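Chemist: Below: one structure in structure tokens.
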Amino acid sequence: MNIGILISGKGSNMLNIVKACDNGTLNARVKIVISNKPSEGIYKAQKIGIPTKIIETKNFNSKLKFENEITNILKINKVSLVCLAGFMKILSKKFVSQWEKRLINIHPSLLPSFKGINAQLQAIKKGVKYAGCTVHYVSSAIDDGEILDQSIVKVCKNENEQSLSKKILIEEHKLYIKVLKNLINKELV
Ligand code: GRF
């Protein structure tokens with residue numbers, strides 16, 4: 001399976017997926033990493049020889065054209081599954097429907113709780129005892145598509161946003177690979 005990954009930031013989930021493809025944990029290949037801005041993640045991908053593309057909204061006069069360029073690059077690379085991994089742009093209904101059931105995202109909360117940005121801080125502020133992460137199909141509503149799997153972490157007494165984020169990220173890395181493995185196996189049967 002050919003995977004395309006969309007990022008905006010550090011790219012630790014992206015690197016983890018690349019590693020799982022390289023060591024045979026996943027029967028897949030990361031064909032392209034796209035970032036909507038020059039990002040830490042894109043430089044890390046370039047460093048390890050993964051094809052990359054920076055597609056910035058400012059270079060397009062509409063969201064449609066920006067997204068068409070993303071689709072174009074994904075198609076050129078024969079991508080059949082798109083993974084969002086810290087991609088901070090909201091995708092349109094049109095884009096999402098073009099990639100229906102082939103577009104997944106990871107979110108650092110137990111959805112449907114704490115959608116949107118700063119999910120870990122939202123969890124801390126609410127005083128939850130358990131937090132976690134979710135991998136879900138992307139729908140046109142934010143962080144709202146069908147849930148594929150979740151992973152839980154315990155929130156400790158003196159937890160802060162940073163320590164919780166760190167804890168959740170460790171689970172994110174495991175969860176994303178687990179979900180991808182299941183999706184790839186389904187595809188193969
Ligand atoms: C992760 O917490 C992910 O759940 C969220 O953005 C963060 C991306 O981290 N959507 P990284 O760029 O993969 O390190």
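FYI, nothing fancy with the structure tokens labels: chains A, B, ... in order, residues from 1 per chain, ligands from 1 as they appear.
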Write out as an mmCIF file with C-alpha atoms, in the first residue's frame which residues come within 12 Å of Pro112 in chain A when counting only C-alpha atoms, dropping same-chain ones fewer than 2 positions away.
Modeler:
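part_8.cif, freshly written:
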```cif
data_model
loop_
_atom_site.group_PDB
_atom_site.id
_atom_site.type_symbol
_atom_site.label_atom_id
_atom_site.label_comp_id
_atom_site.auth_asym_id
_atom_site.auth_seq_id
_atom_site.Cartn_x
_atom_site.Cartn_y
_atom_site.Cartn_z
ATOM 1 C CA HIS A 107 -6.027 13.235 17.554
ATOM 2 C CA PRO A 108 -4.557 13.562 21.080
ATOM 3 C CA SER A 109 -7.787 12.976 22.995
ATOM 4 C CA LEU A 110 -10.381 10.332 23.579
ATOM 5 C CA PHE A 114 -11.781 17.591 23.451
ATOM 6 C CA LYS A 115 -11.954 18.201 19.733
ATOM 7 C CA GLY A 116 -9.862 20.897 18.064
ATOM 8 C CA ALA A 119 -6.783 18.826 23.351
ATOM 9 C CA ALA A 123 -8.308 17.547 29.252
ATOM 10 C CA ALA A 131 -6.955 10.854 28.598
ATOM 11 C CA GLY A 132 -5.623 9.335 25.409
ATOM 12 C CA CYS A 133 -5.627 9.412 21.646
ATOM 13 C CA THR A 134 -7.883 8.435 18.778
ATOM 14 C CA VAL A 135 -7.322 7.406 15.181
ATOM 15 C CA HIS A 136 -10.377 8.096 13.047
ATOM 16 C CA ALA A 141 -16.667 17.943 10.625
ATOM 17 C CA ILE A 142 -13.530 18.530 12.725
ATOM 18 C CA ASP A 143 -12.253 15.472 14.632
ATOM 19 C CA ASP A 144 -15.586 13.778 14.062
ATOM 20 C CA GLY A 145 -15.238 10.849 11.651
ATOM 21 C CA GLU A 146 -15.745 7.178 12.461
ATOM 22 C CA ILE A 147 -13.430 6.075 15.254
ATOM 23 C CA GLN A 150 -8.262 4.561 20.790
#
```
Chemist: Give the residue list for ligand 1 at 6 Å, counting only C-alpha atoms and all ligand atoms, as a PyMOL selection string, sorted by chain and then by residue number.
Modeler: chain A and resi 9-14+85-86+106-108+169
Chemist: Name the residues in contact with range 62-74 of chain A at a cut-off of 8 Å, using only C-alpha atoms, excluding same-chain residues fewer than 2 positions from it; report them as a PyMOL selection string.
Modeler: chain A and resi 4+32+34+55-57+59-60+76-79+91+95
Chemist: Write the residues you've just listed into a file as an mmCIF file, in the first residue's frame, and include N, CA, C and O atoms for each of them.
Modeler:
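Output file again.cif follows:
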```cif
data_model
loop_
_atom_site.group_PDB
_atom_site.id
_atom_site.type_symbol
_atom_site.label_atom_id
_atom_site.label_comp_id
_atom_site.auth_asym_id
_atom_site.auth_seq_id
_atom_site.Cartn_x
_atom_site.Cartn_y
_atom_site.Cartn_z
ATOM 1 N N GLY A 4 0.532 8.343 1.825
ATOM 2 C CA GLY A 4 0.940 9.744 1.780
ATOM 3 C C GLY A 4 0.675 10.335 3.150
ATOM 4 O O GLY A 4 -0.341 10.007 3.773
ATOM 5 N N ILE A 32 5.129 9.838 -0.151
ATOM 6 C CA ILE A 32 5.294 11.295 -0.142
ATOM 7 C C ILE A 32 4.874 11.867 1.214
ATOM 8 O O ILE A 32 3.909 11.398 1.809
ATOM 9 N N ILE A 34 3.814 15.521 2.703
ATOM 10 C CA ILE A 34 3.463 16.887 2.312
ATOM 11 C C ILE A 34 3.279 17.733 3.572
ATOM 12 O O ILE A 34 2.638 17.306 4.528
ATOM 13 N N ILE A 55 3.516 22.519 0.313
ATOM 14 C CA ILE A 55 2.433 23.169 -0.433
ATOM 15 C C ILE A 55 1.811 24.204 0.490
ATOM 16 O O ILE A 55 1.145 23.858 1.465
ATOM 17 N N GLU A 56 2.086 25.476 0.202
ATOM 18 C CA GLU A 56 1.633 26.551 1.098
ATOM 19 C C GLU A 56 0.390 27.254 0.556
ATOM 20 O O GLU A 56 0.347 27.580 -0.638
ATOM 21 N N THR A 57 -0.565 27.493 1.456
ATOM 22 C CA THR A 57 -1.811 28.148 1.029
ATOM 23 C C THR A 57 -1.531 29.500 0.374
ATOM 24 O O THR A 57 -2.221 29.883 -0.557
ATOM 25 N N ASN A 59 0.463 30.427 -1.661
ATOM 26 C CA ASN A 59 0.794 30.371 -3.084
ATOM 27 C C ASN A 59 -0.405 30.062 -3.980
ATOM 28 O O ASN A 59 -0.252 29.882 -5.181
ATOM 29 N N PHE A 60 -1.564 29.961 -3.376
ATOM 30 C CA PHE A 60 -2.771 29.661 -4.153
ATOM 31 C C PHE A 60 -3.833 30.709 -3.836
ATOM 32 O O PHE A 60 -3.921 31.167 -2.706
ATOM 33 N N ILE A 76 -0.114 11.639 -8.245
ATOM 34 C CA ILE A 76 1.143 11.397 -8.991
ATOM 35 C C ILE A 76 1.938 10.301 -8.293
ATOM 36 O O ILE A 76 2.571 9.465 -8.922
ATOM 37 N N ASN A 77 1.868 10.306 -6.973
ATOM 38 C CA ASN A 77 2.614 9.318 -6.188
ATOM 39 C C ASN A 77 1.822 8.035 -5.936
ATOM 40 O O ASN A 77 2.240 7.198 -5.139
ATOM 41 N N LYS A 78 0.677 7.907 -6.630
ATOM 42 C CA LYS A 78 -0.162 6.695 -6.536
ATOM 43 C C LYS A 78 -0.493 6.306 -5.091
ATOM 44 O O LYS A 78 -0.429 5.138 -4.699
ATOM 45 N N VAL A 79 -0.817 7.327 -4.322
ATOM 46 C CA VAL A 79 -1.141 7.112 -2.903
ATOM 47 C C VAL A 79 -2.559 6.545 -2.786
ATOM 48 O O VAL A 79 -3.490 7.032 -3.427
ATOM 49 N N LEU A 91 -9.629 20.569 6.157
ATOM 50 C CA LEU A 91 -9.839 20.167 4.764
ATOM 51 C C LEU A 91 -11.320 20.299 4.390
ATOM 52 O O LEU A 91 -12.206 20.044 5.215
ATOM 53 N N PHE A 95 -12.613 17.756 -0.613
ATOM 54 C CA PHE A 95 -11.384 16.978 -0.475
ATOM 55 C C PHE A 95 -11.663 15.701 0.304
ATOM 56 O O PHE A 95 -11.267 14.616 -0.091
#
```
Chemist: Please extract the residues of range 89-188 of chain A with a backbone DSSP assignment of helix (DSSP H, G or I) and present them as a count of residues only.
Modeler: 42
Chemist: Could the residues of range 31-144 of chain A that have an atom at most 12 Å from range 181-188 of chain A be listed as a Markdown table, each with its closest atom pair and the distance in Å to one decimal, counting only C-alpha atoms and ordered by chain and ascending residue number?
Modeler:
```
| residue | atom | partner | partner_atom | distance |
| --- | --- | --- | --- | --- |
| A:Ser80 | CA | A:Glu187 | CA | 10.6 |
| A:Leu81 | CA | A:Ile184 | CA | 9.4 |
| A:Val82 | CA | A:Leu183 | CA | 11.9 |
| A:Cys83 | CA | A:Leu183 | CA | 11.9 |
| A:Lys101 | CA | A:Leu183 | CA | 10.1 |
| A:Arg102 | CA | A:Leu183 | CA | 9.7 |
| A:Leu103 | CA | A:Leu183 | CA | 11.4 |
| A:Ile104 | CA | A:Leu183 | CA | 10.5 |
| A:Val135 | CA | A:Leu183 | CA | 11.7 |
| A:His136 | CA | A:Leu183 | CA | 11.7 |
| A:Tyr137 | CA | A:Leu183 | CA | 11.3 |
```
Chemist: Would you compute the distance between CA of Arg29 in chain A and CA of Met1 in chain A? Give it in Å to one decimal.
Modeler: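 Taking CA of Arg29 in chain A as the start and CA of Met1 in chain A as the end point, the length is 6.3 Å.
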Chemist: Range 66-137 of chain A: which residues are strand (DSSP E) by DSSP, as an mmCIF file with N, CA and C atoms, in the first residue's frame?
Modeler:
```cif
data_model
loop_
_atom_site.group_PDB
_atom_site.id
_atom_site.type_symbol
_atom_site.label_atom_id
_atom_site.label_comp_id
_atom_site.auth_asym_id
_atom_site.auth_seq_id
_atom_site.Cartn_x
_atom_site.Cartn_y
_atom_site.Cartn_z
ATOM 1 N N LEU A 81 -3.687 5.598 0.553
ATOM 2 C CA LEU A 81 -4.133 5.924 1.909
ATOM 3 C C LEU A 81 -3.410 7.186 2.392
ATOM 4 N N VAL A 82 -4.197 8.143 2.853
ATOM 5 C CA VAL A 82 -3.613 9.416 3.310
ATOM 6 C C VAL A 82 -3.703 9.482 4.832
ATOM 7 N N CYS A 83 -2.563 9.726 5.466
ATOM 8 C CA CYS A 83 -2.525 9.843 6.930
ATOM 9 C C CYS A 83 -2.260 11.290 7.308
ATOM 10 N N LEU A 84 -3.157 11.854 8.089
ATOM 11 C CA LEU A 84 -2.895 13.176 8.656
ATOM 12 C C LEU A 84 -2.157 12.953 9.965
ATOM 13 N N LEU A 103 -8.687 8.336 4.169
ATOM 14 C CA LEU A 103 -8.096 9.515 4.819
ATOM 15 C C LEU A 103 -8.308 9.364 6.326
ATOM 16 N N ILE A 104 -7.201 9.241 7.059
ATOM 17 C CA ILE A 104 -7.328 9.050 8.504
ATOM 18 C C ILE A 104 -6.490 10.086 9.258
ATOM 19 N N ASN A 105 -6.868 10.271 10.516
ATOM 20 C CA ASN A 105 -6.209 11.303 11.330
ATOM 21 C C ASN A 105 -5.946 10.749 12.724
ATOM 22 N N ILE A 106 -4.945 11.316 13.380
ATOM 23 C CA ILE A 106 -4.734 11.001 14.794
ATOM 24 C C ILE A 106 -4.971 12.265 15.610
ATOM 25 N N HIS A 107 -5.697 12.087 16.720
ATOM 26 C CA HIS A 107 -6.027 13.235 17.554
ATOM 27 C C HIS A 107 -5.662 12.912 19.007
ATOM 28 N N TYR A 130 -8.552 10.124 33.029
ATOM 29 C CA TYR A 130 -7.965 9.369 31.921
ATOM 30 C C TYR A 130 -8.038 10.212 30.656
ATOM 31 N N ALA A 131 -6.978 10.164 29.888
ATOM 32 C CA ALA A 131 -6.955 10.854 28.598
ATOM 33 C C ALA A 131 -6.482 9.831 27.564
ATOM 34 N N GLY A 132 -6.091 10.307 26.396
ATOM 35 C CA GLY A 132 -5.623 9.335 25.409
ATOM 36 C C GLY A 132 -5.599 9.891 24.010
ATOM 37 N N CYS A 133 -5.675 8.993 23.043
ATOM 38 C CA CYS A 133 -5.627 9.412 21.646
ATOM 39 C C CYS A 133 -6.569 8.554 20.809
ATOM 40 N N THR A 134 -6.906 9.087 19.657
ATOM 41 C CA THR A 134 -7.883 8.435 18.778
ATOM 42 C C THR A 134 -7.377 8.482 17.339
ATOM 43 N N VAL A 135 -7.511 7.376 16.633
ATOM 44 C CA VAL A 135 -7.322 7.406 15.181
ATOM 45 C C VAL A 135 -8.704 7.231 14.559
ATOM 46 N N HIS A 136 -9.026 8.120 13.630
ATOM 47 C CA HIS A 136 -10.377 8.096 13.047
ATOM 48 C C HIS A 136 -10.332 8.435 11.560
ATOM 49 N N TYR A 137 -11.366 7.964 10.858
ATOM 50 C CA TYR A 137 -11.528 8.420 9.482
ATOM 51 C C TYR A 137 -11.849 9.901 9.536
#
```
Chemist: Counting only C-alpha atoms, which residue out of A:Asn160, A:Ser151, A:Ser113, A:Gln122 sits closest to Val179 in chain A?
Modeler: A:Ser151
Chemist: To one decimal place in Å, what is the distance between CA of Lys75 in chain A and CA of Leu6 in chain A?
Modeler: 13.7 Å
Chemist: What is the distance between CA of Glu172 in chain A and CA of Lys125 in chain A, in Å to one decimal?
Modeler: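 If I compute the distance from CA of Glu172 in chain A to CA of Lys125 in chain A, I get 21.0 Å.
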Chemist: Neighbouring residues of Lys94 in chain A were defined as those with any atom within 9 Å, considering only C-alpha atoms; residues of the same chain fewer than 4 positions away were excluded. Please report them as a list in words.
Modeler: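 The residues that qualify are Leu64, Gln98, Trp99 and Ser140 of chain A.
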Chemist: If you keep all heavy atoms, can you produce a file of those selected residues as a CSV table (one decimal), in the first residue's frame?
Modeler:
```csv
chain,number,residue,atom,x,y,z
A,64,LEU,N,-9.6,25.7,-2.7
A,64,LEU,CA,-9.8,24.7,-3.7
A,64,LEU,C,-8.5,24.3,-4.4
A,64,LEU,O,-8.1,23.2,-4.6
A,64,LEU,CB,-10.9,25.1,-4.6
A,64,LEU,CG,-11.3,24.1,-5.7
A,64,LEU,CD1,-12.1,22.9,-5.0
A,64,LEU,CD2,-12.2,24.8,-6.7
A,98,GLN,N,-13.5,13.1,-1.6
A,98,GLN,CA,-12.6,12.5,-2.7
A,98,GLN,C,-11.8,11.3,-2.1
A,98,GLN,O,-11.4,10.4,-2.8
A,98,GLN,CB,-11.6,13.5,-3.2
A,98,GLN,CG,-12.1,14.3,-4.4
A,98,GLN,CD,-11.1,15.4,-4.7
A,98,GLN,OE1,-10.1,15.7,-4.0
A,98,GLN,NE2,-11.4,16.1,-5.9
A,99,TRP,N,-11.5,11.5,-0.8
A,99,TRP,CA,-10.6,10.5,-0.2
A,99,TRP,C,-11.4,9.6,0.9
A,99,TRP,O,-10.8,9.1,1.8
A,99,TRP,CB,-9.4,11.2,0.5
A,99,TRP,CG,-8.5,11.8,-0.5
A,99,TRP,CD1,-8.5,13.1,-0.9
A,99,TRP,CD2,-7.5,11.1,-1.2
A,99,TRP,NE1,-7.5,13.2,-1.9
A,99,TRP,CE2,-6.9,12.1,-2.1
A,99,TRP,CE3,-7.0,9.8,-1.3
A,99,TRP,CZ2,-5.8,11.8,-3.0
A,99,TRP,CZ3,-5.9,9.5,-2.1
A,99,TRP,CH2,-5.4,10.4,-3.0
A,140,SER,N,-16.1,15.6,7.2
A,140,SER,CA,-16.0,17.1,7.0
A,140,SER,C,-16.2,17.9,8.3
A,140,SER,O,-15.8,19.0,8.3
A,140,SER,CB,-17.1,17.5,5.9
A,140,SER,OG,-18.3,17.1,6.3
```
Chemist: Restricting the calculation to only C-alpha atoms, which member of A:Val33, A:Ile17, A:Leu26, A:Met88 is positioned closest to Ile5 in chain A?
Modeler: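 Of all the options, A:Val33 lies closest to Ile5 in chain A.
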Chemist: Rank nothing, just name the residue among A:Ser163, A:Asn118, A:Ser8, A:Ser92 nearest to Tyr43 in chain A, using only C-alpha atoms.
Modeler: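 Answer, going by the shortest atom-to-atom distance: A:Ser8.
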Chemist: Restricting the calculation to only C-alpha atoms: of A:Asn2, A:Leu180, A:Ile124, A:Ile168, which residue gets closest to Leu148 in chain A?
Modeler: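 Closest residue, counting only C-alpha atoms: A:Leu180.
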